[in-house]
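*Asks:* File model-v2.txt below, compact mmCIF, C-alpha atoms and all ligand atoms:
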```
# COMPACT_ATOMS: atom_id res chain seq x y z
CA MET A 1 19.94 -32.70 -63.34
CA ILE A 2 16.32 -33.49 -64.00
CA GLU A 3 16.20 -35.72 -67.05
CA ASP A 4 12.55 -35.52 -68.07
CA GLN A 5 12.59 -31.75 -67.88
CA ARG A 6 9.10 -30.65 -67.05
CA PHE A 7 7.97 -27.13 -66.44
CA VAL A 8 10.70 -25.24 -64.58
CA VAL A 9 10.90 -21.43 -64.49
CA THR A 10 13.98 -19.94 -62.81
CA ILE A 11 14.08 -16.35 -61.55
CA ASP A 12 17.44 -15.17 -60.28
CA GLY A 13 18.68 -11.74 -59.28
CA PRO A 14 20.19 -9.62 -56.54
CA ALA A 15 18.84 -8.82 -53.07
CA GLY A 16 15.82 -6.56 -52.93
CA VAL A 17 14.84 -6.82 -56.58
CA GLY A 18 11.46 -8.34 -55.68
CA LYS A 19 12.08 -11.88 -56.93
CA SER A 20 9.99 -13.59 -54.25
CA SER A 21 6.79 -11.65 -54.78
CA VAL A 22 7.20 -11.80 -58.56
CA ALA A 23 7.97 -15.53 -58.55
CA ASN A 24 5.02 -16.23 -56.26
CA ALA A 25 2.62 -14.27 -58.50
CA VAL A 26 3.98 -15.89 -61.68
CA ALA A 27 3.63 -19.33 -60.06
CA LYS A 28 0.01 -18.60 -59.15
CA GLN A 29 -0.87 -17.51 -62.69
CA LEU A 30 0.72 -20.62 -64.14
CA GLY A 31 -0.62 -23.07 -61.56
CA ALA A 32 2.92 -23.89 -60.48
CA ALA A 33 4.51 -24.47 -57.07
CA PHE A 34 6.70 -21.61 -55.85
CA LEU A 35 10.12 -22.41 -54.43
CA ASP A 36 11.88 -19.69 -52.41
CA THR A 37 15.44 -21.00 -52.20
CA GLY A 38 16.65 -18.06 -50.10
CA ALA A 39 14.33 -19.40 -47.38
CA MET A 40 16.40 -22.61 -47.34
CA TYR A 41 19.65 -20.72 -46.68
CA ARG A 42 17.84 -18.62 -44.09
CA ALA A 43 16.44 -21.71 -42.31
CA VAL A 44 19.90 -23.29 -41.96
CA THR A 45 21.23 -19.93 -40.70
CA LEU A 46 18.47 -19.67 -38.09
CA ALA A 47 19.08 -23.24 -36.90
CA ALA A 48 22.85 -22.66 -36.70
CA ILE A 49 22.45 -19.42 -34.75
CA GLY A 50 19.99 -21.17 -32.41
CA ASP A 51 22.55 -23.90 -31.75
CA GLY A 52 25.29 -21.33 -31.09
CA ALA A 53 27.27 -22.98 -33.93
CA ASP A 54 30.48 -21.65 -35.45
CA LEU A 55 29.06 -20.40 -38.75
CA ASN A 56 32.46 -20.78 -40.44
CA ASP A 57 32.60 -24.51 -39.66
CA GLU A 58 31.10 -26.33 -42.62
CA SER A 59 31.09 -29.73 -40.91
CA VAL A 60 28.97 -28.33 -38.07
CA LEU A 61 26.56 -26.82 -40.60
CA LEU A 62 26.28 -30.18 -42.38
CA GLU A 63 25.59 -31.86 -39.05
CA ILE A 64 22.78 -29.38 -38.42
CA LEU A 65 21.30 -30.21 -41.82
CA ASP A 66 21.48 -33.93 -40.97
CA SER A 67 20.16 -33.78 -37.45
CA LYS A 68 17.18 -31.50 -37.93
CA ASN A 69 14.08 -31.89 -40.01
CA PHE A 70 13.73 -28.94 -42.37
CA SER A 71 10.45 -28.73 -44.23
CA PHE A 72 9.51 -26.37 -47.04
CA ASP A 73 5.87 -26.44 -48.02
CA VAL A 74 3.78 -24.70 -50.64
CA ALA A 75 1.31 -22.23 -49.12
CA ASP A 76 -1.12 -19.78 -50.61
CA ASP A 77 1.00 -16.67 -50.22
CA GLY A 78 4.45 -18.19 -50.53
CA MET A 79 6.22 -21.00 -48.77
CA THR A 80 6.08 -22.08 -45.17
CA VAL A 81 9.22 -23.24 -43.43
CA ALA A 82 9.49 -25.45 -40.36
CA ILE A 83 12.42 -26.82 -38.38
CA ASP A 84 11.64 -29.96 -36.39
CA GLY A 85 7.95 -29.19 -36.74
CA VAL A 86 8.21 -25.60 -35.46
CA ASP A 87 7.00 -22.95 -37.91
CA VAL A 88 9.84 -20.48 -38.61
CA THR A 89 8.36 -18.76 -41.67
CA GLU A 90 8.56 -15.36 -39.92
CA ALA A 91 11.68 -15.99 -37.85
CA ILE A 92 13.90 -16.58 -40.90
CA ARG A 93 13.27 -12.95 -41.98
CA ASP A 94 14.90 -11.60 -38.81
CA PRO A 95 17.68 -9.04 -39.59
CA ASN A 96 20.11 -11.16 -37.56
CA VAL A 97 19.47 -14.05 -39.97
CA THR A 98 19.84 -11.73 -42.99
CA SER A 99 23.21 -10.48 -41.80
CA ASN A 100 24.58 -13.96 -41.09
CA VAL A 101 23.19 -15.91 -44.05
CA ARG A 102 26.35 -15.21 -46.09
CA PHE A 103 28.28 -17.76 -44.02
CA ILE A 104 25.84 -20.49 -44.96
CA ALA A 105 25.60 -19.35 -48.59
CA SER A 106 29.37 -19.65 -48.97
CA ALA A 107 29.63 -23.18 -47.54
CA VAL A 108 30.11 -25.21 -50.73
CA LYS A 109 28.90 -28.58 -49.40
CA VAL A 110 25.87 -27.01 -47.76
CA ARG A 111 25.02 -25.47 -51.14
CA GLU A 112 25.28 -28.88 -52.81
CA ARG A 113 22.88 -30.34 -50.27
CA LEU A 114 20.39 -27.51 -50.67
CA VAL A 115 20.57 -27.79 -54.46
CA ASP A 116 19.70 -31.52 -54.03
CA LEU A 117 16.68 -30.50 -51.94
CA GLN A 118 15.66 -27.98 -54.62
CA ARG A 119 15.82 -30.67 -57.32
CA ALA A 120 13.84 -33.04 -55.09
CA PHE A 121 11.18 -30.33 -54.72
CA ALA A 122 11.03 -30.05 -58.53
CA CYS A 123 10.54 -33.82 -58.81
CA GLU A 124 7.56 -33.62 -56.48
CA HIS A 125 5.72 -30.97 -58.49
CA GLU A 126 4.53 -30.95 -62.09
CA ARG A 127 5.41 -27.29 -62.52
CA ILE A 128 7.66 -25.05 -60.47
CA VAL A 129 8.74 -21.43 -60.38
CA THR A 130 11.94 -21.17 -58.38
CA GLU A 131 13.86 -18.08 -57.32
CA GLY A 132 17.31 -17.45 -55.90
CA ARG A 133 20.81 -16.64 -57.10
CA ASP A 134 21.93 -19.84 -58.87
CA GLN A 135 18.72 -21.43 -60.07
CA GLY A 136 19.32 -20.91 -63.80
CA THR A 137 23.08 -21.44 -63.61
CA VAL A 138 23.46 -24.41 -61.22
CA ALA A 139 20.31 -25.97 -59.77
CA PHE A 140 18.26 -26.04 -62.98
CA ALA A 141 20.71 -25.32 -65.77
CA ASP A 142 18.31 -27.15 -68.14
CA ALA A 143 15.22 -25.15 -67.15
CA GLY A 144 12.89 -24.24 -70.00
CA PHE A 145 12.37 -20.65 -68.86
CA LYS A 146 15.05 -18.54 -67.23
CA PHE A 147 14.88 -14.96 -66.04
CA PHE A 148 17.34 -12.64 -64.36
CA LEU A 149 15.80 -9.60 -62.68
CA THR A 150 17.83 -6.47 -62.08
CA ALA A 151 17.13 -2.95 -60.77
CA ASP A 152 19.25 0.03 -59.75
CA VAL A 153 20.47 -0.23 -56.19
CA GLU A 154 18.67 3.04 -55.31
CA GLU A 155 15.40 1.64 -56.62
CA ARG A 156 15.84 -1.60 -54.67
CA ALA A 157 16.55 0.38 -51.50
CA LYS A 158 13.44 2.51 -52.08
CA ARG A 159 11.27 -0.60 -52.50
CA ARG A 160 12.73 -2.07 -49.30
CA LYS A 161 12.09 1.20 -47.44
CA LEU A 162 8.43 1.15 -48.53
CA GLN A 163 8.09 -2.48 -47.41
CA LEU A 164 9.58 -1.68 -44.01
CA GLU A 165 7.40 1.39 -43.61
CA ALA A 166 4.31 -0.65 -44.49
CA ALA A 167 5.31 -2.95 -41.64
CA GLY A 168 5.55 0.08 -39.32
CA LYS A 169 9.38 0.14 -39.29
CA LYS A 170 11.65 3.09 -39.95
CA ALA A 171 14.60 2.83 -42.32
CA ASP A 172 17.41 5.07 -43.45
CA ILE A 173 17.73 5.02 -47.25
CA ASN A 174 21.54 5.39 -47.22
CA GLU A 175 21.89 2.53 -44.76
CA LEU A 176 19.64 0.37 -46.95
CA ILE A 177 21.73 1.22 -50.03
CA GLU A 178 24.93 0.25 -48.21
CA ASN A 179 23.41 -3.03 -46.98
CA ILE A 180 22.22 -3.96 -50.45
CA LYS A 181 25.64 -3.15 -51.96
CA LYS A 182 27.31 -5.33 -49.34
CA ARG A 183 24.95 -8.23 -50.07
CA ASP A 184 25.47 -7.82 -53.83
CA ALA A 185 29.24 -7.98 -53.39
CA GLY A 186 29.00 -11.12 -51.23
CA ASP A 187 26.59 -12.79 -53.66
CA GLU A 188 28.71 -11.97 -56.72
CA GLN A 189 32.05 -12.99 -55.26
CA ARG A 190 31.05 -16.34 -53.75
CA GLU A 191 33.16 -19.31 -54.86
CA ALA A 192 30.14 -21.52 -55.62
CA GLY A 193 26.65 -20.56 -56.69
CA ALA A 194 27.65 -16.94 -57.23
CA LEU A 195 24.99 -14.53 -58.39
CA ALA A 196 25.10 -14.47 -62.19
CA ALA A 197 22.70 -14.47 -65.10
CA ALA A 198 22.66 -17.73 -67.07
CA GLY A 199 23.77 -17.22 -70.66
CA ASP A 200 20.29 -18.16 -71.86
CA ALA A 201 18.34 -16.12 -69.28
CA VAL A 202 16.05 -13.28 -70.28
CA ILE A 203 17.36 -10.22 -68.42
CA VAL A 204 14.61 -7.96 -67.14
CA ASP A 205 15.57 -4.53 -65.78
CA THR A 206 12.70 -3.77 -63.42
CA THR A 207 13.79 -0.19 -62.64
CA GLY A 208 10.75 1.98 -63.25
CA LEU A 209 8.43 -1.00 -63.77
CA SER A 210 5.56 -1.76 -61.42
CA PHE A 211 5.22 -5.17 -59.77
CA GLU A 212 2.27 -5.96 -62.06
CA GLN A 213 4.24 -5.00 -65.16
CA VAL A 214 7.11 -7.31 -64.21
CA VAL A 215 4.74 -10.23 -63.54
CA GLU A 216 2.93 -9.61 -66.82
CA LYS A 217 6.21 -9.46 -68.76
CA LEU A 218 7.40 -12.80 -67.40
CA VAL A 219 4.07 -14.54 -67.92
CA GLU A 220 3.93 -13.23 -71.51
CA GLU A 221 7.46 -14.46 -72.26
CA ILE A 222 6.60 -17.89 -70.87
CA LYS A 223 3.34 -18.15 -72.79
CA ASN A 224 4.99 -17.02 -76.03
CA LYS A 225 7.74 -19.59 -75.69
CA ASN A 226 5.45 -22.42 -74.66
O1 LIG B 1 16.63 -14.10 -51.40
P1 LIG B 1 16.96 -14.01 -49.91
O2 LIG B 1 17.36 -12.65 -49.44
O3 LIG B 1 15.91 -14.61 -49.04
O4 LIG B 1 18.24 -14.95 -49.75
C1 LIG B 1 18.94 -15.06 -48.54
C2 LIG B 1 20.41 -15.33 -48.81
O5 LIG B 1 20.59 -16.64 -49.33
C3 LIG B 1 21.05 -14.38 -49.80
O6 LIG B 1 21.86 -13.46 -49.12
C4 LIG B 1 21.89 -15.24 -50.69
C5 LIG B 1 21.56 -16.65 -50.34
N1 LIG B 1 21.03 -17.42 -51.46
C6 LIG B 1 21.92 -18.14 -52.21
O7 LIG B 1 23.11 -18.07 -51.94
N2 LIG B 1 21.46 -18.93 -53.21
C7 LIG B 1 20.17 -18.99 -53.50
N3 LIG B 1 19.75 -19.79 -54.49
C8 LIG B 1 19.24 -18.24 -52.75
C9 LIG B 1 19.70 -17.43 -51.74
```
Now, as a test, write the supplied structure out as structure tokens.
Ligand code: DC
*Replies:*
Amino acid sequence: MIEDQRFVVTIDGPAGVGKSSVANAVAKQLGAAFLDTGAMYRAVTLAAIGDGADLNDESVLLEILDSKNFSFDVADDGMTVAIDGVDVTEAIRDPNVTSNVRFIASAVKVRERLVDLQRAFACEHERIVTEGRDQGTVAFADAGFKFFLTADVEERAKRRKLQLEAAGKKADINELIENIKKRDAGDEQREAGALAAAGDAVIVDTTGLSFEQVVEKLVEEIKNKN
């Protein structure tokens, strides 16, 4: 726990709700560093796949964490991620990483280590906006500002479809809905760090709201409380 609680904003919520872009924009407006904790789980997943590791073997995953240098740095449009000096910011978004990240997210000791890294990141920055699944419940239970974003699964799938299409990729809406439902179930049923709103989080249903409206709502709440 961070004793001299400074300025910590947590934004949790399910897959595809738009947490990363919202958190990044909120961080920019508040002059805070943005921490994308999903990128940490993705980086360990990528490294483990690259090593041909058994993703169910927690001790192997811990060894990977110990033997490689993972770096997470603040960049203008998000966070950059490197493993042993190699930039993997794009590679961690690969669908193969997305479909295997659940193994890493359910490894309890790996979670503890990543939560330590998240708290270390907070110690290095005056102000942070962090997003994930357990930021308001576990990593920063004492945070001054907590949000939980939600949206209908159909809406999340539609947003994802638009993102993919903008990147020149085709996507089937029903397949996207099924994938999101599967990820929700995995996130909610995990033994540690399960997806849940903190009791003191402000719950924001973003269905029908534009990106700008969500950002504005969060910034307003923070300014009013400050
Ligand atoms: O937000 P994302 O899709 O990049 O996250 C990737 C995975 O990491 C997601 O399936 C759940 C997991 N995760 C987690 O367990 N805890 C967090 N704080 C952030 C992400």
*Asks:* Listing only residues of range 67-169 of chain A within 9 Å of range 201-208 of chain A, what is the closest atom pair and its distance in Å (to one decimal) for each, using only C-alpha atoms, sorted by chain and residue number ascending, as a tab-separated table?
*Replies:*
```
residue	atom	partner	partner_atom	distance
A:Gly136	CA	A:Ala201	CA	7.3
A:Phe145	CA	A:Ala201	CA	7.5
A:Lys146	CA	A:Ala201	CA	4.6
A:Phe147	CA	A:Val202	CA	4.7
A:Phe148	CA	A:Ile203	CA	4.7
A:Leu149	CA	A:Val204	CA	4.9
A:Thr150	CA	A:Asp205	CA	4.7
A:Ala151	CA	A:Thr207	CA	4.7
A:Asp152	CA	A:Thr207	CA	6.2
A:Glu155	CA	A:Thr207	CA	6.5
A:Arg156	CA	A:Thr207	CA	8.3
```
*Asks:* Just to confirm, what's the straight-line distance from atom C1 of ligand LIG 1 (chain B) to CA of Gly85 in chain A in Å (one decimal)?
*Replies:*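 One can read the atom C1 of ligand LIG 1 (chain B) to CA of Gly85 in chain A distance as 21.4 Å.
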*Asks:* Between A:Asp84, A:Glu90, A:Asp51, A:Glu131, which has the minimum distance to ligand LIG 1 (chain B) (counting all atoms listed in the file)?
*Replies:*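 Under the stated criterion, the closest residue is A:Glu131.
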*Asks:* Between CA of Val214 in chain A and CA of Val22 in chain A, what is the spacing in Å?
*Replies:*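 Pair CA of Val22 in chain A / CA of Val214 in chain A returns 7.2 Å.
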*Asks:* To check your reading of the model: which residues sit at most 7 Å from ligand LIG 1 (chain B) when counting all atoms listed in the file? Write the answer as a VMD selection string.
*Replies:* chain A and resid 15 37 to 39 41 to 42 98 101 to 102 105 131 to 135 183 187 193
*Asks:* Between CA of Phe7 in chain A and CA of Glu126 in chain A, what distance in Å does the model show, to one decimal?
*Replies:*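 Separating CA of Phe7 in chain A from CA of Glu126 in chain A is a distance of 6.7 Å.
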*Asks:* So that I can check the surroundings of Val8 in chain A, please list as a PyMOL selection string every protein, DNA and RNA residue that reaches within 12 Å of it, counting only C-alpha atoms and ignoring chain neighbours fewer than 2 positions away.
*Replies:* chain A and resi 1-2+4-6+10-11+23+26-27+30-35+118-119+121-123+125-131+135-136+139-147+222+226
*Asks:* Tell me which of A:Ala167, A:Val88, A:Leu46, A:Val110 sits closest to Glu63 in chain A, counting all atoms listed in the file.
*Replies:*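 That would be A:Val110, the residue with the smallest distance to Glu63 in chain A.
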*Asks:* Pick from A:Arg93, A:Lys182, A:Arg159, A:Arg111: nearest to Val81 in chain A, with only C-alpha atoms counted?
*Replies:*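 Ranking A:Arg93, A:Lys182, A:Arg159, A:Arg111 by distance to Val81 in chain A, first place goes to A:Arg93.
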*Asks:* Extract, using all atoms listed in the file, all DNA, RNA and protein residues at most 10 Å from Gly186 in chain A, discarding same-chain residues fewer than 2 positions from it, and format them as a list in words.
*Replies:* Arg102, Phe103, Ala105, Ser106, Ile180, Lys181, Lys182, Arg183, Asp184, Glu188, Gln189, Arg190, Glu191, Ala194 and Leu195 of chain A
*Asks:* Please identify all polymer residues within 10 Å of Ile104 in chain A, counting all atoms listed in the file, omitting same-chain residues fewer than 5 positions from it, and present them as a list of chain:residue names.
*Replies:*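 Surrounding residues, per the criterion: A:Met40, A:Tyr41, A:Arg42, A:Ala43, A:Val44, A:Thr45, A:Ala48, A:Leu55, A:Asn56, A:Asp57, A:Glu58, A:Leu61, A:Lys109, A:Val110, A:Arg111.
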*Asks:* Which residues come within 10 Å of Asp77 in chain A, counting all atoms listed in the file, excluding same-chain residues fewer than 4 positions away, as a list in words?
*Replies:*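 Once the nearby chain positions are removed, what remains is Ser21, Asn24, Ala25, Lys28 and Phe34 of chain A.
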*Asks:* Kindly indicate which residue among A:Leu117, A:Ser20, A:Gln163, A:Phe70 lies nearest to Val215 in chain A, using all atoms listed in the file for the distances.
*Replies:* A:Ser20
*Asks:* May I have the residues within 6 Å of Leu176 in chain A as a PyMOL selection string, using all atoms listed in the file and disregarding those fewer than 3 positions away in the same chain?
*Replies:* chain A and resi 157+173+179
*Asks:* Which residue gives the smallest distance to Ala107 in chain A among A:Ser59, A:Ala47, A:Lys223, A:Phe211, with all atoms listed in the file counted?
*Replies:*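 Smallest separation from Ala107 in chain A among the options: A:Ser59.
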*Asks:* Would you be able to write out as a PyMOL selection string which residues have an atom within 8 Å of (10.0, 6.3, -47.7) in the file's coordinates, counting all atoms listed in the file?
*Replies:* chain A and resi 158+161-162+165+171+173
*Asks:* Keeping C-alpha atoms, export the residues of the selection given above as a PDB file, in the coordinates of the input.
*Replies:*
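Final file, again22.pdb:
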```pdb
ATOM      1  CA  LYS A 158      13.440   2.510 -52.080  1.00  0.00           C
ATOM      2  CA  LYS A 161      12.090   1.200 -47.440  1.00  0.00           C
ATOM      3  CA  LEU A 162       8.430   1.150 -48.530  1.00  0.00           C
ATOM      4  CA  GLU A 165       7.400   1.390 -43.610  1.00  0.00           C
ATOM      5  CA  ALA A 171      14.600   2.830 -42.320  1.00  0.00           C
ATOM      6  CA  ILE A 173      17.730   5.020 -47.250  1.00  0.00           C
TER       7      ILE A 173
END
```
